[in-house]
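Source file: upload.cif. Holds: mmCIF, C-alpha atoms.
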```
data_protein
loop_
_atom_site.label_atom_id
_atom_site.label_comp_id
_atom_site.auth_asym_id
_atom_site.auth_seq_id
_atom_site.Cartn_x
_atom_site.Cartn_y
_atom_site.Cartn_z
CA MET A 1 22.25 -70.50 2.26
CA THR A 2 24.16 -73.76 2.72
CA PRO A 3 27.60 -73.90 4.38
CA GLU A 4 29.09 -74.61 0.94
CA ASP A 5 27.52 -71.42 -0.43
CA ALA A 6 28.68 -69.50 2.66
CA LYS A 7 32.25 -70.68 2.06
CA GLU A 8 32.13 -69.38 -1.53
CA LEU A 9 30.65 -66.07 -0.36
CA ILE A 10 33.48 -65.60 2.16
CA LYS A 11 36.04 -66.26 -0.56
CA ASP A 12 34.30 -63.79 -2.88
CA PHE A 13 34.23 -61.10 -0.16
CA PHE A 14 37.89 -61.71 0.61
CA VAL A 15 39.05 -61.48 -3.01
CA ALA A 16 36.89 -58.40 -3.66
CA GLU A 17 38.13 -56.80 -0.39
CA ILE A 18 34.58 -56.12 0.79
CA LYS A 19 34.73 -54.85 4.37
CA THR A 20 31.06 -55.26 5.30
CA PRO A 21 31.02 -58.06 7.90
CA LEU A 22 29.09 -61.24 7.20
CA CYS A 23 27.02 -62.80 9.97
CA PHE A 24 25.91 -66.41 9.61
CA VAL A 25 22.91 -67.44 11.67
CA GLY A 26 21.97 -71.06 12.22
CA PRO A 27 21.56 -73.82 14.77
CA LYS A 28 24.45 -75.59 16.45
CA GLY A 29 26.22 -78.00 14.14
CA VAL A 30 24.87 -76.62 10.85
CA GLY A 31 28.38 -75.76 9.57
CA LYS A 32 28.86 -72.05 10.25
CA SER A 33 32.34 -72.36 11.77
CA PHE A 34 33.32 -75.07 9.31
CA ALA A 35 32.43 -72.84 6.34
CA VAL A 36 34.67 -70.03 7.58
CA ALA A 37 37.62 -72.30 8.40
CA ASP A 38 37.29 -74.12 5.08
CA ALA A 39 37.18 -70.83 3.13
CA TRP A 40 40.37 -69.72 4.86
CA LYS A 41 42.06 -73.04 4.18
CA GLU A 42 41.20 -72.94 0.47
CA LEU A 43 42.26 -69.30 0.09
CA ASN A 44 45.47 -69.82 2.08
CA GLU A 45 46.41 -72.82 -0.07
CA SER A 46 45.70 -71.03 -3.37
CA LEU A 47 48.62 -69.86 -5.49
CA GLU A 48 47.59 -66.22 -5.21
CA TYR A 49 47.56 -66.13 -1.38
CA LYS A 50 49.85 -69.07 -0.50
CA ASP A 51 50.37 -68.97 3.30
CA GLU A 52 49.74 -65.20 3.46
CA ILE A 53 46.43 -65.28 5.35
CA SER A 54 46.10 -65.53 9.10
CA PHE A 55 42.88 -66.95 10.54
CA LEU A 56 41.73 -65.73 13.92
CA ASP A 57 38.94 -67.85 15.41
CA ILE A 58 37.58 -65.97 18.43
CA ARG A 59 34.82 -67.44 20.61
CA LEU A 60 33.17 -64.33 22.02
CA ALA A 61 31.17 -66.08 24.74
CA LEU A 62 34.50 -66.88 26.40
CA ASP A 63 36.04 -63.40 26.16
CA THR A 64 35.68 -60.17 28.06
CA ALA A 65 35.54 -56.69 26.56
CA GLU A 66 39.23 -56.29 27.50
CA ASP A 67 40.13 -59.45 25.57
CA ILE A 68 38.63 -57.85 22.47
CA ALA A 69 39.38 -54.14 22.97
CA GLY A 70 42.61 -54.32 24.97
CA TRP A 71 43.44 -53.78 28.62
CA PRO A 72 43.54 -50.28 30.08
CA ARG A 73 46.66 -48.81 31.60
CA PRO A 74 47.30 -45.40 33.10
CA ALA A 75 49.11 -42.88 30.92
CA LYS A 76 50.07 -39.27 31.71
CA ASP A 77 46.65 -37.68 32.25
CA CYS A 78 44.50 -40.35 30.65
CA VAL A 79 43.98 -44.05 30.22
CA GLU A 80 45.34 -45.79 27.15
CA TYR A 81 44.53 -49.28 25.96
CA LEU A 82 47.00 -51.96 25.06
CA MET A 83 46.35 -53.68 21.74
CA ALA A 84 44.51 -56.95 22.24
CA ASP A 85 46.42 -60.14 21.39
CA TRP A 86 44.11 -61.04 18.49
CA ALA A 87 44.49 -57.55 16.97
CA ARG A 88 48.28 -57.82 17.17
CA GLU A 89 48.08 -61.29 15.59
CA SER A 90 46.14 -59.83 12.67
CA PHE A 91 49.45 -58.31 11.49
CA THR A 92 51.39 -61.60 11.45
CA LYS A 93 50.58 -62.18 7.77
CA LYS A 94 49.71 -59.96 4.82
CA TYR A 95 45.95 -60.77 5.02
CA CYS A 96 43.59 -61.75 7.78
CA ILE A 97 40.21 -63.41 8.23
CA VAL A 98 38.78 -62.64 11.66
CA PHE A 99 35.99 -64.98 12.76
CA PHE A 100 33.95 -63.96 15.80
CA ASP A 101 31.73 -66.85 16.85
CA GLU A 102 28.80 -66.64 19.27
CA ILE A 103 28.30 -62.90 18.84
CA ASN A 104 24.89 -62.99 20.50
CA ARG A 105 26.23 -64.95 23.51
CA SER A 106 28.87 -62.34 24.25
CA PRO A 107 28.42 -59.71 26.96
CA LEU A 108 27.14 -56.30 25.90
CA GLU A 109 30.51 -54.68 26.69
CA THR A 110 32.21 -57.07 24.27
CA ARG A 111 29.74 -56.24 21.50
CA GLN A 112 30.24 -52.53 22.16
CA ALA A 113 33.99 -52.99 21.66
CA LEU A 114 33.31 -54.59 18.28
CA PHE A 115 31.13 -51.69 17.15
CA GLU A 116 34.18 -49.54 16.34
CA LEU A 117 35.83 -52.42 14.52
CA MET A 118 32.78 -52.91 12.32
CA SER A 119 32.51 -49.20 11.58
CA LYS A 120 36.14 -48.09 11.29
CA GLY A 121 38.43 -51.15 11.17
CA SER A 122 40.03 -50.21 14.47
CA ILE A 123 39.76 -51.04 18.16
CA ARG A 124 40.21 -48.19 20.64
CA ARG A 125 41.50 -46.10 17.70
CA LYS A 126 44.22 -48.67 16.93
CA PRO A 127 43.79 -50.13 13.43
CA ILE A 128 43.97 -53.84 12.82
CA ASN A 129 45.57 -55.29 9.67
CA PRO A 130 43.91 -53.31 6.83
CA ASN A 131 43.74 -56.44 4.64
CA TYR A 132 41.00 -58.13 6.65
CA ILE A 133 37.47 -59.40 6.43
CA LEU A 134 35.19 -59.94 9.41
CA VAL A 135 32.86 -62.89 9.76
CA PHE A 136 30.44 -63.37 12.65
CA ALA A 137 28.33 -66.38 13.57
CA MET A 138 25.49 -66.84 15.97
CA ASN A 139 22.68 -69.15 16.96
CA PRO A 140 19.11 -68.03 16.24
CA ASP A 141 17.16 -66.14 18.88
CA ASN A 142 14.31 -68.70 18.81
CA GLY A 143 14.07 -69.74 22.45
CA ASN A 144 16.33 -72.79 22.05
CA TYR A 145 19.54 -70.93 22.96
CA GLN A 146 20.59 -68.60 25.76
CA VAL A 147 21.36 -65.63 23.53
CA GLU A 148 20.84 -61.87 23.47
CA THR A 149 18.98 -59.91 20.81
CA LEU A 150 21.43 -57.73 18.91
CA ASP A 151 21.01 -53.97 18.79
CA SER A 152 19.58 -52.79 15.44
CA ALA A 153 22.48 -50.34 14.89
CA PHE A 154 24.91 -53.23 15.37
CA GLU A 155 23.00 -55.46 12.97
CA ARG A 156 22.81 -52.75 10.30
CA ARG A 157 26.60 -52.90 10.03
CA MET A 158 26.63 -56.54 8.88
CA ILE A 159 25.01 -58.78 6.32
CA ARG A 160 22.94 -61.35 8.20
CA ILE A 161 22.58 -64.67 6.36
CA PRO A 162 20.66 -67.75 7.56
CA ILE A 163 22.58 -71.02 7.19
CA VAL A 164 20.85 -74.34 6.62
CA THR A 165 22.48 -77.67 5.98
CA SER A 166 22.01 -79.77 2.89
CA LEU A 167 22.15 -83.55 2.71
CA LYS A 168 24.70 -83.40 -0.12
CA GLY A 169 26.94 -81.05 1.89
CA TRP A 170 26.62 -83.09 5.06
CA LEU A 171 27.51 -86.31 3.23
CA LYS A 172 30.58 -84.66 1.67
CA TRP A 173 31.64 -83.39 5.09
CA GLY A 174 31.10 -86.83 6.65
CA LYS A 175 33.11 -88.55 3.95
CA ASP A 176 35.94 -85.98 4.10
CA TYR A 177 36.15 -86.36 7.89
CA GLY A 178 36.05 -90.12 7.92
CA LEU A 179 32.63 -90.92 9.32
CA GLN A 180 31.83 -94.60 9.23
CA GLU A 181 30.18 -95.76 6.01
CA ASP A 182 27.19 -97.14 8.00
CA ILE A 183 26.43 -93.64 9.27
CA LEU A 184 26.73 -92.11 5.82
CA ARG A 185 24.39 -94.72 4.32
CA PHE A 186 21.83 -94.16 7.10
#
```

Starting from the coordinates I provided, produce the structure as structure tokens.
Amino acid sequence: MTPEDAKELIKDFFVAEIKTPLCFVGPKGVGKSFAVADAWKELNESLEYKDEISFLDIRLALDTAEDIAGWPRPAKDCVEYLMADWARESFTKKYCIVFFDEINRSPLETRQALFELMSKGSIRRKPINPNYILVFAMNPDNGNYQVETLDSAFERRMIRIPIVTSLKGWLKWGKDYGLQEDILRF
């Protein structure tokens, strides 16, 4: 699938309120992150959703399990978890697109924290905004990247889609982002 197709798929999932997470797999620079951000931008600028969608772009390789699942604090005879900042931010608008990048670079504890989110829409039994979709991205496990193999139970909870670039899409991106004409002609 091209990044352009991925963007349309994200928009379709959002409009149809499909909760099964998408996971885009492709090499660095192919357009995985761009597709998600562009889908959000187009949806958020549409008349139907005008400025009602928050976009949370979370780079999992930089976060700990506590950043995702919340920090523990002692309660009466147990430990309770504070709601993570990103989960609280999910409620700032009516809808939310949550993008978790570098899923297979994140520590195991971080992935375990996401397991509940993928299955139940909550983190540590605290629900996030119910009007959400989840999108993951990762680099392939082909020996070129320092990544972990995902657990099969984790992978079964998402739709894994390979992303490849297209010349037409790359040229459009280059033109939209002001690359020099010499580069585009090359």

**Study point:** Picked residues, the PyMOL selection byres ((chain A and resi 75-81) around 10), as an MDAnalysis selection string
**Key:** chainID A and resid 66 69:74 82:84 123:126

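You will find atom CA of A:Lys41 at 12.0 Å from atom CA of A:Glu8.
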
Assuming the chain letters and numbering stay as they are in my file, what does the PyMOL selection byres ((chain A and resi 4) around 9) actually select? List them as a PDB file with C-alpha atoms, keeping the file's coordinate frame.
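Final file, expr.pdb:
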```pdb
ATOM      1  CA  MET A   1      22.250 -70.500   2.260  1.00  0.00           C
ATOM      2  CA  THR A   2      24.160 -73.760   2.720  1.00  0.00           C
ATOM      3  CA  PRO A   3      27.600 -73.900   4.380  1.00  0.00           C
ATOM      4  CA  ASP A   5      27.520 -71.420  -0.430  1.00  0.00           C
ATOM      5  CA  ALA A   6      28.680 -69.500   2.660  1.00  0.00           C
ATOM      6  CA  LYS A   7      32.250 -70.680   2.060  1.00  0.00           C
ATOM      7  CA  GLU A   8      32.130 -69.380  -1.530  1.00  0.00           C
ATOM      8  CA  LEU A   9      30.650 -66.070  -0.360  1.00  0.00           C
ATOM      9  CA  GLY A  31      28.380 -75.760   9.570  1.00  0.00           C
ATOM     10  CA  ALA A  35      32.430 -72.840   6.340  1.00  0.00           C
ATOM     11  CA  THR A 165      22.480 -77.670   5.980  1.00  0.00           C
ATOM     12  CA  SER A 166      22.010 -79.770   2.890  1.00  0.00           C
ATOM     13  CA  GLY A 169      26.940 -81.050   1.890  1.00  0.00           C
TER      14      GLY A 169
END
```

Point to revise | Residues matched by the PyMOL selection byres ((chain A and resi 173) around 12), written as an MDAnalysis selection string | key: chainID A and resid 3:4 29:31 34:35 38 165:172 174:180 184

Review point. Expressed in Å to a single decimal, how great is the separation between atom CA of A:Ala37 and atom CA of A:Asp57?
Key: 8.4 Å

Review point. Could you name the residues that touch stretch 91-108 of chain A at 6 Å or less, counting all atoms listed in the file, but leaving out those on the same chain fewer than 4 positions away, as number ranges by chain?
Key: A: 52-61, 129, 131-138, 147-148

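Atom CA of A:Ile18 is positioned 24.9 Å from atom CA of A:Pro140.
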
Exercise for review: Can you work out which one of A:Phe186, A:Phe14, A:Cys23, A:Lys32 has the shortest atom-to-atom distance to A:Leu150, counting all atoms listed in the file?
Suggested key: A:Cys23

Listed atoms of stretch 19-27 of chain A boxed along x, y and z, 6 Å each side, centre and edge lengths in Å, one decimal, as JSON:
```
{"center_x": 28.1, "center_y": -64.3, "center_z": 9.6, "size_x": 25.2, "size_y": 31.0, "size_z": 22.4}
```

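Proximity ranking of A:Asn144, A:Ser152, A:Met158, A:Asp182 relative to A:Lys28 places A:Asn144 first, based on all atoms listed in the file.
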
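When only C-alpha atoms are used to measure the gap to A:Asp85, the shortest distance among A:Ile128, A:Ile161, A:Lys11, A:Arg111 belongs to A:Ile128.
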
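Comparing A:Gly26, A:Ile10, A:Glu109, A:Lys19 by their smallest distance to A:Glu42, the closest is A:Ile10 (using only C-alpha atoms).
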
Point to revise | Best match for closeness to A:Phe115 among A:Glu45, A:Glu155, A:Glu181, A:Asp12, counting only C-alpha atoms | key: A:Glu155

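Among the candidates A:Leu43, A:Ile159, A:Ile68, A:Ala153, the one nearest to A:Leu114 when counting only C-alpha atoms is A:Ile68.
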